[in-house]
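Have a look at the structure below, then the notes.
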Amino acid sequence: MTVKQFLLAVAGTMILSAGAAAQEGKVELRTVVEKEQTTVNQEGETVTKLVPADKVVPGDVVIYTVTYTNVADQAVENIVITNPIADELEYVFDSAFAPGADISFSVDGGNAFASLDELTVNRDGQPVPASASDLTHIRWTLDGQLDPGAQGFARFRARLN
Amino acid sequence: MTGFLKKSGFLAIAALLSVISPVSGFAVGTTAGTDISNTASVNYELAGTPVTQQSNTVVITVAETLDVAVVLQSPQRTVSGGDTNVGLLFTVTNTGNGNEVFVLSVDNTDPADDFDPLAATPSIYFDTDGSGDLSVGDQPYTPGTNDPLLAPDASVAIIVLNDIPTGLNNGDVGRSALVAASATGTGAPGTLFAGQGDNGVDAVTGTTTALQQASGEYIVSDVTLNALKASTVIDPFGGNSPVPGATIRYTITVSVTGTGTAAAAVFNDAIPANTNYTDNSLSLNAAALSDQVDGDAGELDTSGAVPAVIVRLGDLTEADGDQIIIFEVVID
């Protein structure tokens with residue numbers, strides 16, 4: 001094989017083996033998960049800090065942070081970031097945050113999105129307001145455009161069932 | 001889980017699994033070792049062209065929480081000095097989120113009681129047949145050999161046997177505790193056992209410290225059941241002569257003395273020879289009891305060679321006071 005073919009083959013292998021890596025694109029999207037750890041310091045004050053989520057047990061609160069960066073040489077528009085909420089996790093109300101973004105949720109696996117107070121689910125045939133455990137996805141819809149090199153983040157907290 | 005379990009103890013533990021029944025409706029959370037993946041996605045427009053991309057995937061693996069609950073199931077046991085193998089029933093429940101082996105022990109050293117029960121040998125049994133007390137098929141527990149392996153939410157019924165020392169006073173109380181400890185380890189909540197959870201995940205003690213105990217009580221009682229029988233004769237002529245045709249009214253006063261409970265006390269009195277029971281004459285505390293076997297507390301038992309009056313008095317204590325049983329017979 002030629003050197004070029006070899007390099008292509010190697011590149012292909014690398015993509016296959018790196019399934020957890022972010023996709024290449026004009027917007028770099030990175031997800032980090034951390035755990036809230038609450039301790040009481042020597043002054044008796046409660047201190048909450050973020051630590052790596054390497055030991056998570058039921059009841060723990062984890063924080064997902066999605067960072068987006070425009071790596072293109074021109075502005076991108078109409079940015080919408082969507083993150084699933086795993087079955088084992090329960091969204092912590094009012095924890096979704098992203099500067100300058102509208103936040104909406106889904107209760108049907110990510111098909112339809114609406115604000116929390118508009119979402120209902122059927123229980124015993126009756127529509128009732130969605131609870132935290134009903135939520136399957138969270139979505140941040142960003143205002144305006146993202147200039148080349150600009151960066152932002154979206155974040156939410158969830159409790160492990 | 002422990003390395004021990006994975007080696008020599010495994011067969012014995014596997015054999016025990018049949019006695020371990022899951023308890024429903026007791027949520028302990030996501031199972032240890034569960035991987036929770038998260039991948040965000042982004043949609044945007046670049047020069048009017050819609051683009052969709054995925055982020056990297058982050059995975060959190062649920063660690064194992066080590067938690068246990070021990071609950072006493074028996075009421076206070078009434079004993080006499082010198083009694084042997086008096087059982088207390090407990091349940092041990094795995095309230096953690098992983099499969100866990102628990103080591104059991106008995107602690108009779110409660111400093112606040114009046115006497116220390118003496119642990120029998122062996123002192124711990126699995127209530128294999130679920131009867132609630134020691135039965136022929138119940139398997140003795142040997143630490144390190146058949147430590148119970150419990151799935152999340154599963155529990156096992158345990159019987160603790162104690163002997164009662166002699167020379168005790170009426171009313172003395174002795175306590176016996178069943179202690180259950182996670183085999184992986186115990187400690188203040190958050191104590192880490194790196195890599196020692198299910199499938200090699202980390203194990204962390206939960207709010208129970210993975211070490212719990214519950215106590216049962218023995219109370220010494222020399223309960224005495226007293227019965228005093230009196231009779232009155234009423235002859236057909238208005239006198240008190242025991243002649244044929246005269247009625248004998250028996251009045252039996254039953255009472256309890258002592259601090260304990262006379263459990264399921266039953267009064268049984270044969271109808272005297274040469275007399276016949278007077279139909280519907282039986283009463284307890286002035287309330288009539290029918291002669292038939294039915295829902296009430298007494299009857300005339302005609303199944304034996306000699307008919308007998310039977311009255312079931314239930315659990316009697318000194319506080320219940322005198323129980324008055326009356327019946328009548330007629331002299332042949």
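Residues in the structure tokens are numbered from 1 in each chain, the chains being A, B, ... in the order shown, and ligands are numbered from 1 in the order shown.
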Next item on the list: Return as a PyMOL selection string the residues belonging to chain A that are within 9 Å of chain B, counting only C-alpha atoms.
Entry: chain A and resi 19-33+53-59+64+66+68+72+74-89+160-161
Selected residues written out with N, CA and C atoms, as a compact mmCIF listing (two decimals), in the first residue's frame:
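Below is the file that was written, out26.txt:
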# COMPACT_ATOMS: atom_id res chain seq x y z
N GLY A 19 -14.28 5.56 20.17
CA GLY A 19 -15.72 5.79 20.08
C GLY A 19 -16.22 6.84 21.04
N ALA A 20 -15.48 7.06 22.13
CA ALA A 20 -15.95 8.01 23.13
C ALA A 20 -15.50 9.43 22.82
N ALA A 21 -14.71 9.60 21.77
CA ALA A 21 -14.20 10.93 21.49
C ALA A 21 -15.27 11.77 20.81
N ALA A 22 -15.14 13.08 20.97
CA ALA A 22 -16.07 13.99 20.33
C ALA A 22 -15.89 13.94 18.82
N GLN A 23 -17.00 14.15 18.12
CA GLN A 23 -16.91 14.19 16.66
C GLN A 23 -16.19 15.45 16.22
N GLU A 24 -15.43 15.28 15.13
CA GLU A 24 -14.79 16.45 14.53
C GLU A 24 -15.85 17.32 13.90
N GLY A 25 -15.70 18.61 14.00
CA GLY A 25 -16.67 19.48 13.36
C GLY A 25 -16.29 20.93 13.55
N LYS A 26 -17.21 21.80 13.21
CA LYS A 26 -16.96 23.22 13.34
C LYS A 26 -17.28 23.73 14.73
N VAL A 27 -18.06 22.94 15.46
CA VAL A 27 -18.29 23.26 16.87
C VAL A 27 -17.75 22.10 17.69
N GLU A 28 -16.81 22.40 18.54
CA GLU A 28 -16.26 21.35 19.39
C GLU A 28 -17.15 21.24 20.62
N LEU A 29 -17.63 20.03 20.86
CA LEU A 29 -18.57 19.80 21.95
C LEU A 29 -17.95 18.82 22.93
N ARG A 30 -17.79 19.24 24.16
CA ARG A 30 -17.17 18.35 25.16
C ARG A 30 -18.08 18.22 26.37
N THR A 31 -18.20 17.00 26.85
CA THR A 31 -19.01 16.74 28.05
C THR A 31 -18.11 16.31 29.19
N VAL A 32 -18.36 16.86 30.36
CA VAL A 32 -17.64 16.46 31.57
C VAL A 32 -18.68 16.14 32.63
N VAL A 33 -18.45 15.09 33.38
CA VAL A 33 -19.34 14.79 34.50
C VAL A 33 -18.53 14.84 35.79
N ALA A 53 -16.34 12.27 39.13
CA ALA A 53 -17.45 11.36 39.44
C ALA A 53 -16.98 9.92 39.29
N ASP A 54 -15.96 9.56 40.08
CA ASP A 54 -15.45 8.19 39.94
C ASP A 54 -16.04 7.25 40.98
N LYS A 55 -16.63 7.77 42.04
CA LYS A 55 -17.31 6.91 43.00
C LYS A 55 -18.70 7.49 43.22
N VAL A 56 -19.65 7.01 42.47
CA VAL A 56 -21.00 7.54 42.55
C VAL A 56 -21.90 6.46 43.13
N VAL A 57 -22.64 6.84 44.16
CA VAL A 57 -23.56 5.89 44.78
C VAL A 57 -24.96 6.50 44.78
N PRO A 58 -25.98 5.66 44.94
CA PRO A 58 -27.35 6.18 44.95
C PRO A 58 -27.49 7.36 45.92
N GLY A 59 -28.16 8.42 45.45
CA GLY A 59 -28.32 9.62 46.24
C GLY A 59 -27.33 10.71 45.91
N TYR A 64 -23.45 17.49 34.94
CA TYR A 64 -22.95 17.38 33.57
C TYR A 64 -22.72 18.78 33.03
N VAL A 66 -21.56 20.67 29.53
CA VAL A 66 -21.30 20.54 28.10
C VAL A 66 -20.69 21.86 27.63
N TYR A 68 -19.13 24.14 24.54
CA TYR A 68 -19.13 24.22 23.07
C TYR A 68 -18.21 25.36 22.65
N ALA A 72 -14.59 26.89 13.88
CA ALA A 72 -14.62 27.25 12.45
C ALA A 72 -14.06 28.66 12.27
N GLN A 74 -15.73 30.95 10.71
CA GLN A 74 -16.87 31.84 10.55
C GLN A 74 -17.90 31.55 11.64
N ALA A 75 -18.80 32.47 11.80
CA ALA A 75 -19.79 32.32 12.87
C ALA A 75 -20.75 31.18 12.56
N VAL A 76 -21.26 30.51 13.62
CA VAL A 76 -22.34 29.53 13.46
C VAL A 76 -23.57 30.08 14.17
N GLU A 77 -24.74 29.60 13.72
CA GLU A 77 -26.00 30.16 14.23
C GLU A 77 -26.94 29.03 14.67
N ASN A 78 -27.97 29.45 15.39
CA ASN A 78 -29.05 28.53 15.80
C ASN A 78 -28.50 27.28 16.49
N ILE A 79 -27.69 27.52 17.48
CA ILE A 79 -27.10 26.39 18.21
C ILE A 79 -28.12 25.81 19.19
N VAL A 80 -28.31 24.49 19.09
CA VAL A 80 -29.20 23.77 20.01
C VAL A 80 -28.43 22.58 20.57
N ILE A 81 -28.31 22.52 21.87
CA ILE A 81 -27.59 21.42 22.52
C ILE A 81 -28.61 20.55 23.24
N THR A 82 -28.50 19.26 23.01
CA THR A 82 -29.44 18.31 23.61
C THR A 82 -28.66 17.29 24.41
N ASN A 83 -29.15 17.00 25.61
CA ASN A 83 -28.49 16.00 26.45
C ASN A 83 -29.55 15.06 27.02
N PRO A 84 -29.31 13.76 26.90
CA PRO A 84 -30.26 12.82 27.51
C PRO A 84 -30.13 12.83 29.03
N ILE A 85 -31.18 12.42 29.70
CA ILE A 85 -31.13 12.18 31.15
C ILE A 85 -31.35 10.68 31.33
N ALA A 86 -30.32 10.00 31.76
CA ALA A 86 -30.37 8.54 31.83
C ALA A 86 -31.47 8.07 32.80
N ASP A 87 -31.97 6.87 32.56
CA ASP A 87 -33.04 6.31 33.40
C ASP A 87 -32.67 6.31 34.88
N GLU A 88 -31.39 6.09 35.15
CA GLU A 88 -30.97 5.96 36.56
C GLU A 88 -30.81 7.32 37.23
N LEU A 89 -30.96 8.39 36.45
CA LEU A 89 -30.76 9.73 36.98
C LEU A 89 -32.07 10.49 37.04
N LEU A 160 -28.56 10.46 41.39
CA LEU A 160 -28.58 9.03 41.05
C LEU A 160 -29.62 8.31 41.89
N ASN A 161 -30.52 7.62 41.21
CA ASN A 161 -31.55 6.85 41.92
C ASN A 161 -30.92 5.66 42.64
Next item on the list: Mind the document's chain letters and residue numbers, and return as a ChimeraX atom specification the residues of stretch 147-266 of chain B that DSSP labels strand (DSSP E or B).
Entry: /B:149-150,154-163,173-182,192-193,203-205,211-220,224-234,247-257,262-266
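Closest approach to B:Thr261 from the set B:Gly314, B:Gly130, B:Gly185, B:Gly137 is made by B:Gly314, with distances taken over only C-alpha atoms.
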Next item on the list: Pick out the closest residue to B:Ile219 from this set: B:Thr186, B:Thr302, B:Asn170, B:Thr232. Count only C-alpha atoms.
Entry: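 Of all the options, B:Asn170 lies closest to B:Ile219.
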Next item on the list: Any chance you could list, as a list of chain:residue names, the residues in stretch 144-324 of chain B that come up helix (DSSP H, G or I) when DSSP is run on the backbone?
Entry: B:Asp198, B:Asn199, B:Gly200, B:Glu318, B:Ala319, B:Asp320
Item checked: Spatial neighbours of stretch 286-298 of chain B, max dist 12 Å, only C-alpha atoms, sep filter under 5 positions, as a PyMOL selection string -> chain B and resi 251+264-269+277-281+303+307-314+323-327
Item checked: Near-B:Ala246 list (10 Å; only C-alpha atoms; drop same-chain fewer than 6 positions) as a PyMOL selection string -> chain B and resi 233-240+275+329-332
Filtering to C-alpha atoms, could you give me those residues as a tab-separated table (two decimals), in the first residue's frame?
chain	number	residue	atom	x	y	z
B	233	VAL	CA	-75.32	-28.22	96.19
B	234	ILE	CA	-78.97	-27.40	95.54
B	235	ASP	CA	-81.27	-30.37	96.15
B	236	PRO	CA	-84.77	-30.73	94.68
B	237	PHE	CA	-86.27	-30.05	98.06
B	238	GLY	CA	-84.83	-26.60	98.58
B	239	GLY	CA	-81.96	-27.84	100.74
B	240	ASN	CA	-78.25	-28.51	100.18
B	275	THR	CA	-73.20	-36.91	87.51
B	329	VAL	CA	-73.91	-31.04	87.00
B	330	VAL	CA	-76.85	-33.12	88.27
B	331	ILE	CA	-76.31	-36.14	90.52
B	332	ASP	CA	-77.61	-39.39	89.01
Note to self: Env of A:Ala98: 9 Å cut, atoms = only C-alpha atoms, seq-sep filter 6 positions within chain, self excluded. Answer as a PyMOL selection string.
What the structure shows: chain A and resi 140+142+152-156
What would the file look like if the residues just selected were written as an mmCIF file, in the first residue's frame with N, CA and C atoms?
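Full text of out_36.cif as output:
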data_model
loop_
_atom_site.group_PDB
_atom_site.id
_atom_site.type_symbol
_atom_site.label_atom_id
_atom_site.label_comp_id
_atom_site.auth_asym_id
_atom_site.auth_seq_id
_atom_site.Cartn_x
_atom_site.Cartn_y
_atom_site.Cartn_z
ATOM 1 N N TRP A 140 -30.913 23.006 25.437
ATOM 2 C CA TRP A 140 -30.583 24.424 25.547
ATOM 3 C C TRP A 140 -30.605 25.027 24.139
ATOM 4 N N LEU A 142 -29.750 28.309 22.093
ATOM 5 C CA LEU A 142 -28.945 29.511 22.324
ATOM 6 C C LEU A 142 -29.391 30.651 21.435
ATOM 7 N N GLY A 152 -18.898 28.607 25.082
ATOM 8 C CA GLY A 152 -19.940 28.710 26.108
ATOM 9 C C GLY A 152 -20.147 27.349 26.742
ATOM 10 N N PHE A 153 -21.028 27.318 27.739
ATOM 11 C CA PHE A 153 -21.285 26.023 28.363
ATOM 12 C C PHE A 153 -22.740 25.910 28.795
ATOM 13 N N ALA A 154 -23.173 24.681 28.936
ATOM 14 C CA ALA A 154 -24.501 24.369 29.460
ATOM 15 C C ALA A 154 -24.309 23.325 30.553
ATOM 16 N N ARG A 155 -25.186 23.357 31.522
ATOM 17 C CA ARG A 155 -24.925 22.529 32.705
ATOM 18 C C ARG A 155 -26.258 22.113 33.327
ATOM 19 N N PHE A 156 -26.270 20.913 33.893
ATOM 20 C CA PHE A 156 -27.408 20.525 34.742
ATOM 21 C C PHE A 156 -26.949 19.533 35.788
#
Margin query: When you count only C-alpha atoms, which of these residues is closest to A:Val62: A:Gly109, A:Ala158, A:Arg123, A:Leu135?
Written below: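 For A:Val62, the nearest of the given residues is A:Ala158.
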Next item on the list: Name all residues at most 8 Å from B:Gly216 (count only C-alpha atoms; drop same-chain ones fewer than 6 positions away) and give them as an NGL selection string.
Entry: :B and (72 or 74-76 or 88 or 175-177)
Next item on the list: To one decimal in Å, tell me the separation between atom CA of B:Val173 and atom CA of B:Asp116.
Entry: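 Computed distance, atom CA of B:Val173 to atom CA of B:Asp116, equals 8.7 Å.
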Margin query: Can you tell me which residues surround stretch 152-167 of chain B at a distance of at most 6 Å, considering only C-alpha atoms, apart from same-chain residues fewer than 2 positions away, and format the answer as an NGL selection string?
Written below: :B and (20-23 or 81-99 or 117-120 or 123-127 or 150)
Check: Which residue out of B:Thr207, B:Asn169, B:Ser215, B:Ser131 has the minimum interatomic distance to B:Arg77 when only C-alpha atoms are used?
Finding: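 Among the listed residues, B:Ser215 lies closest to B:Arg77.
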